[in-house]
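Step one of this worksheet: look at the structure below.
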Amino acid sequence: MGNVLVWIIWLLAAAGCLATGVAVVSLTNPFYSALALIGNLASLAVLFLLLSAEFLAAAQVLVYAGAVMVMFLFVVAYLGGRADAPWAGGPPLLRTAAVVAAAALLVEVVVVLGLAWGDNLTDPADVSGSFGSPGEVGELFLTDHLLAFEITSIVLLVAAVGGVVLGTTPEKEDAA
Amino acid sequence: MIAGAWVCLLSPFAGAVAITLAGQRVSRRTAGWISILTTFLAFGGALVAFFGLWATDPSDREQLSTAYTWLAAGDFEVQLQILLDTLSSTMMLIVSGVGGLIIWYSLGYMEGDDEERRYFAYMSLFVFAMLLLVQSGNFLLLLAGWGLVGLASYLLIGFWHERPEAVAAAKKAFVMNAIGDATFALGIVLLVWETGTLEYFGVFEDVGALSTTTVNLVALGLLGGAVAKSAQIPLQTWLPDAMEGPTPVSALIHAATMVTAGVYLLVRASPIFEAASDVQHLAAILGAVTLLVAGAIALVQWDIKRVIAYSTMSQIGYMFLGAGIGAYGYAIFHLMTHAFFKALLFMSAGLVIHHLGGEQDIRRMGGLRRVMPRTHVAFLVGSLALVGIPIFSGFWSKDGIISSARATGGALGWSLWAAAILGALLTGAYATRLYLTVFRGEESAFAKEHAHVGHGEGPRSMLVPVGILSVLATIGGLVVIPGVWEPFLTWIDETAESLVMPTVAEEYQISVLAVALGVAGFYVALRAFRAGRQVVTNSGVWRVLEHKLYFDELYDALAYRPAAALSVVLRRNVEEPVVERSLDEIGTGTIQVGGEVARTQSGLLRSYAIAIAFAVFVLVVVFVAVR
Amino acid sequence: MDGPDVGWYLILAAILFGIGSLGVMLRRSPLVVLLSLEIMLNAANLTLIAFARQHGSLSGQVFALAVMAVAAAEVAIGLGLIVAMARRRIVLDVDEARALRG
């Protein structure tokens with residue numbers, strides 16, 4: 001019974017991911033695209049939970065959906081009509097090439113996965129109940145992956161500074 | 001005494017370097033004196049070496065002195081070495097002695113010229129190069145000296161480089177000598193191949209072991225070089241043109257020393273030539289032909305220097321004849337006496353030219369006996385020596401060669417003798433013609449107008465050397481009096497033993513005959529002069545002789561025209577389309593390729609993204625495949 | 001583990017990645033490009049977490065968290081750029097930015 005439930009939840013979440021993903025890419029109104037992305041993030045959070053990554057699921061919802069997407073929506077609102085994004089063209093060669101590239105990547109990954117499935121992708125490891133808990137993740141951050149932790153914080157600092165710089169009012173002579 | 005030899009060699013070199021480095025900081029006269037003094041210092045060194053050698057035991061008279069190993073490749077080594085033996089010491093004395101006198105003379109002759117310093121530097125360079133040639137102990141150093149004298153000759157012929165004729169003459173001399181240099185070098189290469197050494201002694205020891213073909217080829221190669229350098233037929237056309245250079249240059253290089261280098265080579269390499277006797281006889285035959293042809297051509301020349309040049313060519317023919325039959329002692333003896341009287345003739349001619357303000361055409365001269373008495377005497381002495389009148393120096397040496405030809409006997413000996421005797425007749429004729437036309441008869445209108453009256457015949461620096469050479473031309477032959485004493489011949493014999501020695505009786509018989517023919521030639525020319533006509537009256541013969549037997553035209557058609565045509569064809573079909581165009585195309589091609597490549601930089605961000613995606617695809621494939 | 005094998009999560013992530021890359025390569029509005037970029041990043045995160053579960057190692061989740069942080073930073077800058085473009089009255093079209101043209 002539990003297995004079936006998990007499967008159903010998985011299928012729903014997966015469908016949600018895919019549907020919202022396609023929506024993000026194809027809608028012409030960026031506001032709707034952003035909302036679709038929020039949905040995508042929520043579906044992903046469900047999938048994270050299924051994979052015993054509780055902390056990460058929470059972080060995803062709080063940080064990504066909560067903060068980052070709100071930023072997006074703010075900007076869309078600021079831009080107003082200028083943000084409209086019709087499906088404008090571009091050289092047809094470009095469009096074909098894009099599709100081909102994406103398809104190639106996809107096919108390639110699927111093939112590799114298929115080749116490795118039998119050996120590597122069955123029998124996941126047994127994990128304790130605290131796998132994916134904030135405590136354990138935090139412990140790793142501060143011991144094995146301290147460098148990553150610190151560098152990430154520097155990246156965030158740079159982004160903050162950059163954001164401020166970009167947001168400065170242009171000088172008077174900088175008229176368009 | 002070896003030190004004397006080194007001083008002899010290096011002192012002119014030091015002089016040349018000093019003049020070059022000093023440049024404008026020394027006056028022109030000072031440059032001249034540097035050159036003169038270093039050359040006389042060389043003569044002093046040669047004297048020391050000579051007397052030192054004389055005092056040594058005859059068995060010990062081959063002294064080899066090595067400075068250092070010049071190049072070494074495996075077993076093959078070439079040293080920077082000089083050889084002091086009887087032959088080289090004699091040559092050293094001649095070169096440095098006569099050279100010193102001529103350079104002293106040029107102090108006066110070249111005065112007032114803009115580029116005197118360059119002249120004296122070149123002259124010292126030449127003396128050094130000639131000494132290197134005669135003093136070297138191996139064939140490679142000989143070739144080095146050989147090439148350097150060719151270079152000095154080129155530089156000095158073309159000394160007045162604003163004159164296109166001089167430049168052309170210099171090029172012609174150099175190119176023709178290059179032909180000889182090439183055969184010489186090939187001969188040397190063959191020597192190295194077969195014997196593995198280039199030292200004289202090493203080669204001469206191994207000569208017997210070489211095959212006939214090898215020896216013949218080597219000898220031919222050496223002969224080719226000798227023929228070119230000594231202006232014998234068929235490589236003789238450069239010598240008359242070389243008269244474009246200043247007269248002292250003609251005296252030193254094209255009479256006394258450089259052109260005799262071929263004779264020196266024939267004597268020095270006599271073991272090789274004796275092993276290749278056919279080639280040696282060929283040398284004699286070429287000498288005989290040249291002496292006749294040159295003597296004939298001298299009868300129709302109007303330029304005073306060219307007459308003397310053809311006379312040089314003819315006399316060297318005598319030396320080749322002598323060396324070709326193995327009369328080495330007499331050949332070198334004639335080389336020495338010829339250096340004296342030919343330099344004397346050139347220098348006297350130079351006095352005449354100087355006096356007449358540069359005029360060289362003998363038709364404009366005449367009766368100069370009264371205006372230039374001392375020059376007249378000098379010129380007369382030189383002419384008498386040239387014709388071979390006893391007791392002047394030429395008599396002893398030339399008759400020695402002629403009698404050696406007789407003593408050789410056989411078909412070769414008799415035909416050579418005939419040619420040599422006939423040559424005596426021609427010599428008498430052209431020498432007399434020249435003397436009479438320039439110095440005797442009525443004073444020409446030109447001479448009266450243009451003579452530099454009032455300051456004598458010339459400065460002392462010109463007259464004293466001429467005087468010294470006059471004395472030498474008179475008594476210089478007295479070192480060989482057949483039957484009485486022959487120290488010169490014995491001296492040279494130690495290095496190159498003569499193959500043939502005429503008896504005393506033969507010598508005197510031949511002498512009588514030769515002098516008689518010389519006097520006969522004198523009379524022929526005298527009668528022609530008195531009758532107001534030339535010796536050669538037949539217009540056909542005149543034309544052929546005037547064109548120097550059409551050798552220049554022949555070489556022009558055979559060598560120059562095809563080469564010029566070929567170069568035009570090559571330029572049009574190879575150099576322009578292939579070389580030049582390809583260089584241009586490299587430039588335009590690169591720009592084009594760059595343009596094509598630049599098209600990928602479209603600026604479209606999306607295309608970049610697509611490119612990255614494809615790249616990732618490829619990378620993943622690579623990673624997976626490698627695993 | 002209940003439910004699908006880890007492999008299925010990976011395939012889902014791959015499809016999401018493809019969708020996101022299509023969006024990056026095909027759309028002209030920088031906003032939509034940025035959103036598609038987010039999808040790609042999230043797909044990568046999913047992959048990381050799936051592997052973390054497969055191997056029982058939390059390093060994957062740590063990496064995913066770092067990715068999230070970096071993505072947030074990048075979005076901030078990207079949006080800042082878009083706002084700056086809008087302020088300077090530049091048309092919001094990726095194809096217009098041709099300054100890299102060689």
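Letters for chains follow the order of the structure tokens (A, B, ...), residue numbers begin at 1 for each chain, and ligand numbers begin at 1 in the order shown.
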
>> Residues near A:Ala85, anyone? I mean within 12 Å using only C-alpha atoms, not counting same-chain ones fewer than 5 positions away, as an MDAnalysis selection string.
In response: (chainID A and resid 24:33 76 79:80) or (chainID C and resid 26:33 91:94)

>> Set the distance at 6 Å and use only C-alpha atoms: which residues neighbour B:Leu84 once local chain neighbours fewer than 4 positions away are removed? I'd like the list as a VMD selection string.
In response: chain B and resid 62 to 63 88

Take the residues that were just selected and, keeping N, CA, C and O atoms, output them as a PDB file, in the first residue's frame.
```
ATOM      1  N   GLU B  62     112.167  22.233 -44.859  1.00  0.00           N
ATOM      2  CA  GLU B  62     110.715  22.320 -44.989  1.00  0.00           C
ATOM      3  C   GLU B  62     110.147  22.519 -43.606  1.00  0.00           C
ATOM      4  O   GLU B  62     110.028  21.575 -42.840  1.00  0.00           O
ATOM      5  N   GLN B  63     109.807  23.744 -43.292  1.00  0.00           N
ATOM      6  CA  GLN B  63     109.378  24.036 -41.939  1.00  0.00           C
ATOM      7  C   GLN B  63     107.892  24.330 -41.930  1.00  0.00           C
ATOM      8  O   GLN B  63     107.431  25.235 -42.608  1.00  0.00           O
ATOM      9  N   SER B  88     108.300  28.765 -51.091  1.00  0.00           N
ATOM     10  CA  SER B  88     107.456  29.785 -50.463  1.00  0.00           C
ATOM     11  C   SER B  88     108.282  30.990 -50.039  1.00  0.00           C
ATOM     12  O   SER B  88     107.813  32.127 -50.117  1.00  0.00           O
TER      13      SER B  88
END
```

> What residues in chain B have any atom no more than 6 Å from chain C when counting only C-alpha atoms, and can you write them as JSON, numbers by chain?
Replying inline: {"B": [598, 601, 602, 603, 604, 606]}

Include all heavy atoms and write out the residues we just selected as an mmCIF file, in the first residue's frame.
```cif
data_model
loop_
_atom_site.group_PDB
_atom_site.id
_atom_site.type_symbol
_atom_site.label_atom_id
_atom_site.label_comp_id
_atom_site.auth_asym_id
_atom_site.auth_seq_id
_atom_site.Cartn_x
_atom_site.Cartn_y
_atom_site.Cartn_z
ATOM 1 N N ALA B 598 35.565 34.739 -38.330
ATOM 2 C CA ALA B 598 34.871 35.783 -37.581
ATOM 3 C C ALA B 598 33.367 35.650 -37.706
ATOM 4 O O ALA B 598 32.635 36.191 -36.879
ATOM 5 C CB ALA B 598 35.310 37.160 -38.071
ATOM 6 N N GLN B 601 31.527 34.493 -34.821
ATOM 7 C CA GLN B 601 31.286 35.417 -33.709
ATOM 8 C C GLN B 601 30.159 36.345 -34.085
ATOM 9 O O GLN B 601 30.354 37.513 -34.371
ATOM 10 C CB GLN B 601 32.565 36.230 -33.450
ATOM 11 C CG GLN B 601 33.777 35.391 -33.201
ATOM 12 C CD GLN B 601 33.653 34.596 -31.941
ATOM 13 O OE1 GLN B 601 33.184 35.097 -30.930
ATOM 14 N NE2 GLN B 601 34.037 33.342 -32.001
ATOM 15 N N SER B 602 28.966 35.813 -34.117
ATOM 16 C CA SER B 602 27.854 36.611 -34.612
ATOM 17 C C SER B 602 27.373 37.631 -33.606
ATOM 18 O O SER B 602 26.723 38.599 -33.949
ATOM 19 C CB SER B 602 26.689 35.681 -34.943
ATOM 20 O OG SER B 602 26.334 34.991 -33.761
ATOM 21 N N GLY B 603 27.713 37.399 -32.373
ATOM 22 C CA GLY B 603 27.200 38.323 -31.364
ATOM 23 C C GLY B 603 25.861 37.872 -30.815
ATOM 24 O O GLY B 603 25.399 38.359 -29.785
ATOM 25 N N LEU B 604 25.248 36.916 -31.493
ATOM 26 C CA LEU B 604 23.969 36.416 -31.012
ATOM 27 C C LEU B 604 24.211 35.513 -29.816
ATOM 28 O O LEU B 604 24.827 34.454 -29.914
ATOM 29 C CB LEU B 604 23.301 35.587 -32.111
ATOM 30 C CG LEU B 604 22.359 36.308 -33.063
ATOM 31 C CD1 LEU B 604 21.781 35.313 -34.039
ATOM 32 C CD2 LEU B 604 21.244 36.987 -32.289
ATOM 33 N N ARG B 606 22.257 33.662 -28.280
ATOM 34 C CA ARG B 606 21.611 32.354 -28.355
ATOM 35 C C ARG B 606 22.476 31.357 -29.123
ATOM 36 O O ARG B 606 22.544 30.181 -28.769
ATOM 37 C CB ARG B 606 20.265 32.491 -29.026
ATOM 38 C CG ARG B 606 19.284 33.231 -28.128
ATOM 39 C CD ARG B 606 17.883 33.020 -28.574
ATOM 40 N NE ARG B 606 17.585 33.799 -29.753
ATOM 41 C CZ ARG B 606 16.643 33.475 -30.632
ATOM 42 N NH1 ARG B 606 15.944 32.378 -30.451
ATOM 43 N NH2 ARG B 606 16.418 34.225 -31.670
#
```

>> What parts of stretch 199-445 of chain B does DSSP call helix (DSSP H, G or I)? I'd like the answer as a PyMOL selection string.
In response: chain B and resi 200-209+212-229+238-244+247-256+258-268+270-275+277-298+304-325+328-355+362-364+368-371+373-387+393-408+410-439+445

>> Neighbouring residues of B:Val95 were defined as those with any atom within 9 Å, considering only C-alpha atoms; residues of the same chain fewer than 5 positions away were excluded. Please report them as a PyMOL selection string.
In response: chain B and resi 43+90+100+127+130-131+252+256-257+339

> Using only C-alpha atoms, which of A:Gly90, A:Leu56, A:Trp10, A:Val22 sits nearest chain B?
Replying inline: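 The shortest atom-to-atom distance to chain B comes from A:Gly90.
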
> For chain A, which residues have at least one atom within 12 Å of chain B, if we go by only C-alpha atoms? Write them as a PyMOL selection string, please.
Replying inline: chain A and resi 89-109+111-113+115-116

For the residues in the current selection, export N, CA, C and O atoms as a short mmCIF file (atom, residue, chain, number, x, y, z; two decimals), in the first residue's frame.
```
data_model
loop_
_atom_site.label_atom_id
_atom_site.label_comp_id
_atom_site.auth_asym_id
_atom_site.auth_seq_id
_atom_site.Cartn_x
_atom_site.Cartn_y
_atom_site.Cartn_z
N GLY A 89 10.89 35.38 -33.61
CA GLY A 89 11.63 34.38 -34.40
C GLY A 89 13.12 34.37 -34.16
O GLY A 89 13.57 34.12 -33.06
N GLY A 90 13.85 34.65 -35.15
CA GLY A 90 15.29 34.44 -35.14
C GLY A 90 15.57 33.58 -36.34
O GLY A 90 14.66 33.00 -36.91
N PRO A 91 16.79 33.47 -36.75
CA PRO A 91 17.09 32.67 -37.95
C PRO A 91 16.62 31.24 -37.76
O PRO A 91 16.84 30.65 -36.71
N PRO A 92 15.97 30.67 -38.76
CA PRO A 92 15.43 29.32 -38.62
C PRO A 92 16.52 28.30 -38.33
O PRO A 92 16.31 27.33 -37.60
N LEU A 93 17.71 28.55 -38.88
CA LEU A 93 18.82 27.64 -38.58
C LEU A 93 19.05 27.57 -37.09
O LEU A 93 19.28 26.52 -36.51
N LEU A 94 18.97 28.73 -36.49
CA LEU A 94 19.18 28.81 -35.05
C LEU A 94 18.18 27.96 -34.32
O LEU A 94 18.51 27.20 -33.40
N ARG A 95 16.89 28.09 -34.71
CA ARG A 95 15.85 27.35 -33.99
C ARG A 95 16.03 25.86 -34.14
O ARG A 95 15.92 25.10 -33.17
N THR A 96 16.33 25.41 -35.37
CA THR A 96 16.53 23.98 -35.56
C THR A 96 17.70 23.50 -34.74
O THR A 96 17.62 22.45 -34.08
N ALA A 97 18.76 24.27 -34.79
CA ALA A 97 19.97 23.87 -34.06
C ALA A 97 19.66 23.74 -32.58
O ALA A 97 20.13 22.80 -31.91
N ALA A 98 18.89 24.69 -32.06
CA ALA A 98 18.56 24.64 -30.63
C ALA A 98 17.83 23.36 -30.30
O ALA A 98 18.17 22.65 -29.33
N VAL A 99 16.83 23.07 -31.10
CA VAL A 99 16.04 21.86 -30.82
C VAL A 99 16.92 20.63 -30.91
O VAL A 99 16.87 19.73 -30.06
N VAL A 100 17.75 20.62 -31.93
CA VAL A 100 18.63 19.45 -32.11
C VAL A 100 19.56 19.30 -30.93
O VAL A 100 19.76 18.19 -30.41
N ALA A 101 20.12 20.41 -30.47
CA ALA A 101 21.05 20.35 -29.35
C ALA A 101 20.37 19.80 -28.12
O ALA A 101 20.89 18.88 -27.45
N ALA A 102 19.22 20.35 -27.82
CA ALA A 102 18.51 19.90 -26.63
C ALA A 102 18.17 18.43 -26.74
O ALA A 102 18.35 17.64 -25.78
N ALA A 103 17.67 18.04 -27.91
CA ALA A 103 17.29 16.65 -28.10
C ALA A 103 18.50 15.75 -27.95
O ALA A 103 18.43 14.69 -27.31
N ALA A 104 19.63 16.20 -28.53
CA ALA A 104 20.83 15.38 -28.45
C ALA A 104 21.23 15.15 -27.01
O ALA A 104 21.54 14.03 -26.60
N LEU A 105 21.21 16.25 -26.25
CA LEU A 105 21.59 16.10 -24.84
C LEU A 105 20.67 15.12 -24.14
O LEU A 105 21.10 14.24 -23.38
N LEU A 106 19.41 15.27 -24.38
CA LEU A 106 18.44 14.43 -23.69
C LEU A 106 18.66 12.97 -24.03
O LEU A 106 18.74 12.10 -23.15
N VAL A 107 18.75 12.72 -25.30
CA VAL A 107 18.93 11.34 -25.74
C VAL A 107 20.20 10.76 -25.13
O VAL A 107 20.23 9.63 -24.64
N GLU A 108 21.22 11.57 -25.15
CA GLU A 108 22.50 11.09 -24.63
C GLU A 108 22.38 10.69 -23.17
O GLU A 108 22.84 9.62 -22.76
N VAL A 109 21.76 11.59 -22.38
CA VAL A 109 21.65 11.28 -20.96
C VAL A 109 20.83 10.02 -20.75
O VAL A 109 21.19 9.16 -19.94
N VAL A 111 20.43 7.54 -22.71
CA VAL A 111 21.20 6.36 -23.10
C VAL A 111 22.18 5.99 -22.00
O VAL A 111 22.30 4.82 -21.61
N VAL A 112 22.88 6.99 -21.51
CA VAL A 112 23.86 6.68 -20.46
C VAL A 112 23.19 6.08 -19.24
O VAL A 112 23.66 5.11 -18.64
N LEU A 113 22.07 6.70 -18.90
CA LEU A 113 21.36 6.17 -17.75
C LEU A 113 20.94 4.73 -17.98
O LEU A 113 21.11 3.87 -17.12
N LEU A 115 22.30 2.57 -19.84
CA LEU A 115 23.45 1.66 -19.78
C LEU A 115 23.85 1.36 -18.34
O LEU A 115 24.29 0.28 -18.01
N ALA A 116 23.71 2.38 -17.51
CA ALA A 116 24.21 2.20 -16.14
C ALA A 116 23.16 1.68 -15.19
O ALA A 116 23.45 1.42 -14.03
#
```

Wanna dump the chain C-chain A contacts at 6 Å for me, each residue with its shortest atom pair and the distance in Å to one decimal, counting only C-alpha atoms, ordered by chain and number, as a tab-separated table?
```
residue	atom	partner	partner_atom	distance
C:Asp2	CA	A:Asn3	CA	5.1
C:Gly3	CA	A:Trp7	CA	4.9
C:Gly7	CA	A:Leu121	CA	5.6
C:Gly18	CA	A:Ala102	CA	5.4
C:Gly23	CA	A:Val25	CA	5.0
C:Met25	CA	A:Ala98	CA	5.8
C:Ser29	CA	A:Ala85	CA	5.4
C:Gln54	CA	A:Pro124	CA	4.3
C:His55	CA	A:Ala125	CA	5.6
C:Gly56	CA	A:Ala125	CA	5.2
C:Ala73	CA	A:Ala159	CA	5.2
C:Ile77	CA	A:Gly163	CA	5.5
C:Gly80	CA	A:Leu166	CA	5.6
C:Arg88	CA	A:Ala176	CA	5.6
C:Arg89	CA	A:Ala176	CA	5.9
```

>> Ranking C:Asn45, C:Ser36, C:Leu10, C:Phe17 by minimum distance to C:Ala69 and counting only C-alpha atoms, which one comes first?
In response: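 With only C-alpha atoms as the atom set, the closest residue is C:Asn45.
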
>> So that I can see what lies close to B:Val203, please list as number ranges by chain the residues with an atom at most 12 Å from it, counting only C-alpha atoms and leaving out residues fewer than 3 positions away in the same chain.
In response: B: 137-139, 188, 190-200, 206-210, 215, 218, 268-272

Store the residues picked out above in a file with N, CA and C atoms, as a PDB file, in the first residue's frame.
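Written output follows (selection_9.pdb):
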```
ATOM      1  N   GLY B 137     100.139  25.975 -45.775  1.00  0.00           N
ATOM      2  CA  GLY B 137     100.715  24.645 -45.723  1.00  0.00           C
ATOM      3  C   GLY B 137      99.741  23.568 -46.147  1.00  0.00           C
ATOM      4  N   ASN B 138      98.517  23.969 -46.468  1.00  0.00           N
ATOM      5  CA  ASN B 138      97.567  22.961 -46.924  1.00  0.00           C
ATOM      6  C   ASN B 138      96.684  23.570 -47.996  1.00  0.00           C
ATOM      7  N   PHE B 139      95.960  22.716 -48.699  1.00  0.00           N
ATOM      8  CA  PHE B 139      95.209  23.171 -49.858  1.00  0.00           C
ATOM      9  C   PHE B 139      94.040  24.069 -49.478  1.00  0.00           C
ATOM     10  N   ILE B 188      89.721  19.813 -54.776  1.00  0.00           N
ATOM     11  CA  ILE B 188      90.075  19.635 -53.366  1.00  0.00           C
ATOM     12  C   ILE B 188      89.140  18.642 -52.691  1.00  0.00           C
ATOM     13  N   LEU B 190      87.646  16.200 -54.033  1.00  0.00           N
ATOM     14  CA  LEU B 190      88.057  14.858 -54.447  1.00  0.00           C
ATOM     15  C   LEU B 190      89.279  14.408 -53.655  1.00  0.00           C
ATOM     16  N   LEU B 191      90.187  15.328 -53.407  1.00  0.00           N
ATOM     17  CA  LEU B 191      91.369  14.990 -52.619  1.00  0.00           C
ATOM     18  C   LEU B 191      90.996  14.544 -51.214  1.00  0.00           C
ATOM     19  N   VAL B 192      90.114  15.292 -50.603  1.00  0.00           N
ATOM     20  CA  VAL B 192      89.710  14.930 -49.247  1.00  0.00           C
ATOM     21  C   VAL B 192      89.062  13.559 -49.249  1.00  0.00           C
ATOM     22  N   TRP B 193      88.204  13.351 -50.262  1.00  0.00           N
ATOM     23  CA  TRP B 193      87.500  12.078 -50.361  1.00  0.00           C
ATOM     24  C   TRP B 193      88.471  10.917 -50.448  1.00  0.00           C
ATOM     25  N   GLU B 194      89.469  11.098 -51.277  1.00  0.00           N
ATOM     26  CA  GLU B 194      90.349   9.953 -51.540  1.00  0.00           C
ATOM     27  C   GLU B 194      91.479   9.826 -50.542  1.00  0.00           C
ATOM     28  N   THR B 195      92.021  10.945 -50.096  1.00  0.00           N
ATOM     29  CA  THR B 195      93.187  10.818 -49.219  1.00  0.00           C
ATOM     30  C   THR B 195      92.882  11.166 -47.775  1.00  0.00           C
ATOM     31  N   GLY B 196      91.805  11.852 -47.542  1.00  0.00           N
ATOM     32  CA  GLY B 196      91.431  12.183 -46.170  1.00  0.00           C
ATOM     33  C   GLY B 196      92.229  13.311 -45.555  1.00  0.00           C
ATOM     34  N   THR B 197      93.087  13.975 -46.342  1.00  0.00           N
ATOM     35  CA  THR B 197      93.829  15.081 -45.764  1.00  0.00           C
ATOM     36  C   THR B 197      94.033  16.139 -46.820  1.00  0.00           C
ATOM     37  N   LEU B 198      94.325  17.343 -46.400  1.00  0.00           N
ATOM     38  CA  LEU B 198      94.601  18.378 -47.376  1.00  0.00           C
ATOM     39  C   LEU B 198      95.993  18.975 -47.201  1.00  0.00           C
ATOM     40  N   GLU B 199      96.755  18.466 -46.252  1.00  0.00           N
ATOM     41  CA  GLU B 199      98.101  19.004 -46.085  1.00  0.00           C
ATOM     42  C   GLU B 199      98.962  18.590 -47.258  1.00  0.00           C
ATOM     43  N   TYR B 200      99.814  19.473 -47.670  1.00  0.00           N
ATOM     44  CA  TYR B 200     100.649  19.189 -48.843  1.00  0.00           C
ATOM     45  C   TYR B 200     101.372  17.869 -48.681  1.00  0.00           C
ATOM     46  N   ASP B 206     100.447  10.433 -50.592  1.00  0.00           N
ATOM     47  CA  ASP B 206      99.409   9.492 -51.003  1.00  0.00           C
ATOM     48  C   ASP B 206      99.134   9.505 -52.487  1.00  0.00           C
ATOM     49  N   VAL B 207      99.772  10.420 -53.219  1.00  0.00           N
ATOM     50  CA  VAL B 207      99.434  10.561 -54.636  1.00  0.00           C
ATOM     51  C   VAL B 207      99.614   9.260 -55.386  1.00  0.00           C
ATOM     52  N   GLY B 208     100.683   8.531 -55.041  1.00  0.00           N
ATOM     53  CA  GLY B 208     100.943   7.302 -55.779  1.00  0.00           C
ATOM     54  C   GLY B 208      99.831   6.285 -55.649  1.00  0.00           C
ATOM     55  N   ALA B 209      99.126   6.332 -54.520  1.00  0.00           N
ATOM     56  CA  ALA B 209      98.117   5.314 -54.276  1.00  0.00           C
ATOM     57  C   ALA B 209      96.801   5.615 -54.969  1.00  0.00           C
ATOM     58  N   LEU B 210      96.650   6.809 -55.497  1.00  0.00           N
ATOM     59  CA  LEU B 210      95.360   7.149 -56.087  1.00  0.00           C
ATOM     60  C   LEU B 210      95.237   6.577 -57.484  1.00  0.00           C
ATOM     61  N   VAL B 215      93.472  11.098 -59.938  1.00  0.00           N
ATOM     62  CA  VAL B 215      94.573  12.059 -60.051  1.00  0.00           C
ATOM     63  C   VAL B 215      94.332  13.008 -61.210  1.00  0.00           C
ATOM     64  N   VAL B 218      91.622  15.506 -60.199  1.00  0.00           N
ATOM     65  CA  VAL B 218      92.131  16.505 -59.258  1.00  0.00           C
ATOM     66  C   VAL B 218      93.015  17.505 -59.988  1.00  0.00           C
ATOM     67  N   ARG B 268     103.786  24.144 -57.014  1.00  0.00           N
ATOM     68  CA  ARG B 268     103.571  23.620 -55.666  1.00  0.00           C
ATOM     69  C   ARG B 268     102.965  22.221 -55.724  1.00  0.00           C
ATOM     70  N   ALA B 269     101.961  22.052 -56.597  1.00  0.00           N
ATOM     71  CA  ALA B 269     101.290  20.755 -56.654  1.00  0.00           C
ATOM     72  C   ALA B 269     101.929  19.852 -57.690  1.00  0.00           C
ATOM     73  N   SER B 270     103.195  20.061 -57.942  1.00  0.00           N
ATOM     74  CA  SER B 270     103.852  19.293 -59.012  1.00  0.00           C
ATOM     75  C   SER B 270     103.756  17.780 -58.814  1.00  0.00           C
ATOM     76  N   PRO B 271     103.810  17.255 -57.600  1.00  0.00           N
ATOM     77  CA  PRO B 271     103.628  15.803 -57.483  1.00  0.00           C
ATOM     78  C   PRO B 271     102.316  15.323 -58.079  1.00  0.00           C
ATOM     79  N   ILE B 272     101.259  16.109 -57.858  1.00  0.00           N
ATOM     80  CA  ILE B 272      99.976  15.703 -58.423  1.00  0.00           C
ATOM     81  C   ILE B 272     100.033  15.775 -59.938  1.00  0.00           C
TER      82      ILE B 272
END
```
